[in-house]
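Enquirer: Quick one: the structure is below, and I'll ask about it shortly.
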Amino acid sequence: MSKKITIEPVTRVEGHGKVTIHLDENNNVDYTRLHIVEFRGFERFLQGRPYWEAPVLVQRLCGICPVSHHLAAAKALDVIVGAGTGDGLTPTGEKMRRLMHYGQIFQSHSLHFFHLASPDLLFGVDADPAIRNIIGVALQHKDLAVQGVMMRKFGQEIIRATAGKKIHGTGAIPGGINKHLSRAEKESFINGADPLNIDKMVEWSQEALVFFKDYYVKNKSFIDNFAAFPSSHMSLVRKDGAMDLYHGVLRAVDADGNKILDDVDYQDYENYIEEEVRPWTYMKFPYLKHLGAKQGWYRVGPLARLNTCDFIPTPLAQAELEEFRTLNNGKPNPHCLHYHYARLIEILHAAEVMRDLLHDPDLLEGERVVKGQKTHRGVGVIEAPRGTLFHHYEINDHDQVTLANLIVSTTNNNEPMNRSVNQVAHSWMDGHPEITEPMMNAVEIAIRAYDPCLSCATHALGQMPLEISLYDAKENLIDIKRT
Amino acid sequence: MKKAEQITFEIDGQTCYAWPGQSILDAARDNGIYIPSLCHVEGLKPAGSCRICNVKVNGRNITACTAPVSEGMIVENDTTKLNELRKTIIEVLFVSGNHFCPACEKSGNCELQALAYKYQMMAPRFPYEFPDKGVEARSPLLFHDRNRCILCKRCVRGIRKDGKAVFAYSGRGGENLHIEMDLELAAQLSDEEAQAAMDICPVGAIIKKEQGYQTPIGARKYDQVPIGSDLIKSEEQDF
């Protein structure tokens, strides 16, 4: 008998997803699908709008990491207004944007790890959902919860100071930035009362790593084996191979660490990346063109970035990277839950970068905007918290957008997220075709390692937003469960 | 202090003075009293088209920008009922156009948005019309988004090139009533004149090209204080 089991999240945030698990006649998992069932349409309704609106309009895609869309769009428009491809801005323009971006990485990663992921680690996959959430963390691990909340707040304050607002600001404009950092803002970020100063943020970032590594020692098997599988990895890296989350060239490595894409100018991304459409989901499946859809898929995000870069250009994070790399003997790390480990190393890196930038006088004064010969096409790529983010715009002679193409981080991770869900389904359900609460949470944990932006990857407070439907071989609904 | 030629009238119980022939709106502002307006711009002939400045005189609603003050006039302005009416007008203006503040570069400098905040508009009570009147992008300096236009005619009255109106009503008599930009005249506008066209528009319908979002959030006109806050009466003010 063949059954179809549907896990259908019904609420919340930037993506309504559902998971279907299809069983074979022996009650083992046959195949699984992570469906993204919503359609946003931003690429269409940008058409006809004046190009300079794009960074402000398109960031409305997301409330968690709007800065990434804001900056990726602005970078694409830098090319259009003749300001160069990421390194042509004035020192003030580029550094203010970098500060904005690393503030974004810091706050978004903090939200991702502390608010959304830590309950699973602290309470376990099969814990009562009523306590397995950030409120539960706050009640039982107050210090950790406070650190998470305040680290997020610090990152958001950095965004407010650079973009004008904590969410959906207007700071980045084609060719530069619309404000300087004020001396008062700088002073408060450097010497503000504890805990809201950058030194405390660096310290807490290190403590978070200590917490995770301690947890890892005690739960090595779970962390290493949960939904792990080898894959290729892709990200931007700086020209010299350093980690750079704001600008660089595209690099991809295979499961053994061989470079399968290197030193690629992302203006030419269409020559290297293609997207496959599958009929059951709105989300496409990107892959490296020269390897084809079957072999060319890759992971993006913190784990991928730690696997592709040669080094991290800040000392504390570099030391952590060296330790991290010993876990898999220098080969690309294939462990799904090590995304969180990598995320914490990036939090530390972001804190170090912010600390350096905050002492830079270019933030306080200097030319903010540069423009040159206008062109009709521009591509902006940035390493968003969840991974590589592509924005591609074309305009007509009247300054109207004629084409917008976005490949967002979640899309880049579509195939690996699907595979992770598949792994979880196999390990929990083969021979036991029963939907249990822990099994459902395990599916969430797999998705959440990559991305908290799907509704199914987000903890509702004390309530998991899942609906399970069970179908028999004839596609009749025989059971439905809501938790 | 009253000057010899001035006439005396009253707004919401407050004694005010006006020059003969002065509109209620202008006189109120001279007396430090805020009456909201959208279609009115100082120096242009009043149009009375938006109705947001309507006040009550002798039991009747009239537009303060067009009605002259008369001796002994009793004007009601800042009343619950009138403010509710004004809020309703704002809501109707919002649903009549595509006013998507989150991405509009006039946000923070927009008079319609500022009035919506002042009168605490929440979710509109009326259905959105989602008009499709198109955009005019062919001018070298100006981007004209007709779906954001509130038909106040400030641009029609205020923006001229060599004596000719750059903007004019078009499509009268139906749902497609809109303001048309004369491309030939618009192409002759100087940078300053194009900026003046953007500035005279109370909303984001007329946008000067390639300079969006240059003012950071926090420094825009209505970021810190509500619209009308500049009209604080000073006892020393010389009328």
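Going through the structure tokens in order, the chains are called A, B, and so on, while each chain numbers its residues from 1 and the ligands are numbered from 1 in the order shown.
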Residues of chain B were defined as contacting chain A if any atom lay at most 6 Å from it, counting only C-alpha atoms; please report them as a PyMOL selection string.
Expert: chain B and resi 103+137-138+214+216-217
Enquirer: Using DSSP secondary structure from the backbone, list all strand (DSSP E or B) positions within segment 246-423 of chain A, as a count of residues only.
Expert: 48
Enquirer: Could you give me, as a tab-separated table (two decimals) with C-alpha atoms, in the first residue's frame, the residues within 6 Å of segment 211-227 of chain A, counting only C-alpha atoms and dropping anything in the same chain fewer than 6 positions from it?
Expert:
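Everything below was put into result29.tsv:
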chain	number	residue	atom	x	y	z
A	335	HIS	CA	27.23	18.04	8.60
A	336	CYS	CA	23.86	19.75	8.44
A	337	LEU	CA	23.81	20.86	12.06
A	420	SER	CA	18.01	17.01	4.49
A	423	GLN	CA	17.33	12.07	5.38
A	424	VAL	CA	15.23	12.89	8.41
Enquirer: Could you check how far atom CA of Asn83 of chain B sits from atom CA of Val55 of chain B, in Å to one decimal?
Expert: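 So the answer is 9.5 Å.
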Enquirer: Which value, in Å to one decimal, gives the distance between atom CA of Gly13 of chain B and atom CA of Ser49 of chain B?
Expert: 27.0 Å
Enquirer: So how far away is atom CA of Ile24 of chain B from atom CA of Ala64 of chain B, in Å?
Expert: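 Calculated distance between atom CA of Ala64 of chain B and atom CA of Ile24 of chain B is 4.9 Å.
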Enquirer: Assign secondary structure with DSSP using the backbone only, and return the residues of segment 289-337 of chain A in helix (DSSP H, G or I) as a ChimeraX atom specification.
Expert: /A:289-295,302-308,315-326
Enquirer: I want to know what sits within 10 Å of Thr79 of chain B, based on only C-alpha atoms, with residues of the same chain fewer than 6 positions away left out; could you give that as a list in words?
Expert: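 In the requested format, the answer is Asp12, Val55, Lys56 and Leu85 of chain B.
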Enquirer: Pick out the residues sitting within 10 Å of Phe324 of chain A, and hand them over as a PDB file with N, CA and C atoms, in the first residue's frame; count only C-alpha atoms, and ignore anything fewer than 2 positions along from it in its own chain.
Expert:
ATOM      1  N   LEU A 306      32.319  28.721   5.143  1.00  0.00           N
ATOM      2  CA  LEU A 306      33.497  28.228   5.850  1.00  0.00           C
ATOM      3  C   LEU A 306      34.211  27.154   5.039  1.00  0.00           C
ATOM      4  N   ASN A 307      33.475  26.497   4.157  1.00  0.00           N
ATOM      5  CA  ASN A 307      34.088  25.461   3.324  1.00  0.00           C
ATOM      6  C   ASN A 307      34.775  26.022   2.076  1.00  0.00           C
ATOM      7  N   GLN A 318      39.299  33.456  12.721  1.00  0.00           N
ATOM      8  CA  GLN A 318      40.245  32.597  12.006  1.00  0.00           C
ATOM      9  C   GLN A 318      40.688  31.440  12.902  1.00  0.00           C
ATOM     10  N   ALA A 319      40.948  31.722  14.175  1.00  0.00           N
ATOM     11  CA  ALA A 319      41.341  30.650  15.097  1.00  0.00           C
ATOM     12  C   ALA A 319      40.223  29.615  15.213  1.00  0.00           C
ATOM     13  N   GLU A 320      38.992  30.109  15.236  1.00  0.00           N
ATOM     14  CA  GLU A 320      37.850  29.189  15.315  1.00  0.00           C
ATOM     15  C   GLU A 320      37.727  28.369  14.033  1.00  0.00           C
ATOM     16  N   LEU A 321      37.991  29.018  12.906  1.00  0.00           N
ATOM     17  CA  LEU A 321      37.914  28.298  11.632  1.00  0.00           C
ATOM     18  C   LEU A 321      38.930  27.153  11.606  1.00  0.00           C
ATOM     19  N   GLU A 322      40.124  27.438  12.100  1.00  0.00           N
ATOM     20  CA  GLU A 322      41.161  26.397  12.094  1.00  0.00           C
ATOM     21  C   GLU A 322      40.722  25.200  12.924  1.00  0.00           C
ATOM     22  N   THR A 326      39.455  21.085  11.583  1.00  0.00           N
ATOM     23  CA  THR A 326      40.028  19.803  12.017  1.00  0.00           C
ATOM     24  C   THR A 326      38.940  18.729  12.124  1.00  0.00           C
ATOM     25  N   LEU A 327      37.691  19.154  12.270  1.00  0.00           N
ATOM     26  CA  LEU A 327      36.604  18.188  12.481  1.00  0.00           C
ATOM     27  C   LEU A 327      36.437  17.258  11.286  1.00  0.00           C
ATOM     28  N   ASN A 328      36.729  17.756  10.106  1.00  0.00           N
ATOM     29  CA  ASN A 328      36.572  16.905   8.925  1.00  0.00           C
ATOM     30  C   ASN A 328      37.895  16.801   8.156  1.00  0.00           C
ATOM     31  N   ASN A 329      38.962  16.851   8.894  1.00  0.00           N
ATOM     32  CA  ASN A 329      40.310  16.692   8.339  1.00  0.00           C
ATOM     33  C   ASN A 329      40.584  17.650   7.172  1.00  0.00           C
ATOM     34  N   GLY A 330      40.067  18.842   7.295  1.00  0.00           N
ATOM     35  CA  GLY A 330      40.353  19.844   6.272  1.00  0.00           C
ATOM     36  C   GLY A 330      39.474  19.760   5.047  1.00  0.00           C
ATOM     37  N   ASN A 333      33.091  20.466   5.236  1.00  0.00           N
ATOM     38  CA  ASN A 333      32.267  19.911   6.318  1.00  0.00           C
ATOM     39  C   ASN A 333      30.872  19.577   5.785  1.00  0.00           C
ATOM     40  N   HIS A 338      26.127  21.441  11.591  1.00  0.00           N
ATOM     41  CA  HIS A 338      27.298  22.304  11.739  1.00  0.00           C
ATOM     42  C   HIS A 338      27.051  23.678  11.124  1.00  0.00           C
ATOM     43  N   TYR A 341      27.124  25.811  14.022  1.00  0.00           N
ATOM     44  CA  TYR A 341      28.505  26.054  14.457  1.00  0.00           C
ATOM     45  C   TYR A 341      29.123  27.138  13.558  1.00  0.00           C
ATOM     46  N   ALA A 342      28.986  26.945  12.251  1.00  0.00           N
ATOM     47  CA  ALA A 342      29.533  27.916  11.296  1.00  0.00           C
ATOM     48  C   ALA A 342      28.904  29.295  11.498  1.00  0.00           C
ATOM     49  N   ILE A 345      30.554  31.065  14.307  1.00  0.00           N
ATOM     50  CA  ILE A 345      31.873  31.591  13.919  1.00  0.00           C
ATOM     51  C   ILE A 345      31.691  32.876  13.110  1.00  0.00           C
TER      52      ILE A 345
END
Enquirer: Neighbours of Asp128 of chain A within 10 Å (only C-alpha atoms; same-chain residues fewer than 3 positions away dropped), as a PyMOL selection string?
Expert: chain A and resi 123-125+131-133+437-438+462-463
Enquirer: Name the residues in contact with Leu23 of chain A at a cut-off of 6 Å, using only C-alpha atoms, excluding same-chain residues fewer than 2 positions from it; report them as an NGL selection string.
Expert: :A and (2-3 or 27-30)
Enquirer: Using only C-alpha atoms, which of the listed residues (B:Gly48, B:Gly204, B:Asn147, B:Leu231) sits closest to Ala27 of chain B?
Expert: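 Of B:Gly48, B:Gly204, B:Asn147, B:Leu231, the one nearest Ala27 of chain B, counting only C-alpha atoms, is B:Leu231.
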Enquirer: Here is a test: counting only C-alpha atoms, which residue of A:Leu99, A:Ala404, A:Leu389, A:Phe154 is nearest to Ala193 of chain A?
Expert: A:Phe154
Enquirer: Could you check the closest approach to Arg220 of chain B for each of B:Glu111, B:Glu91, B:Asp30, B:Glu136 and tell me which residue wins, using only C-alpha atoms?
Expert: B:Glu111
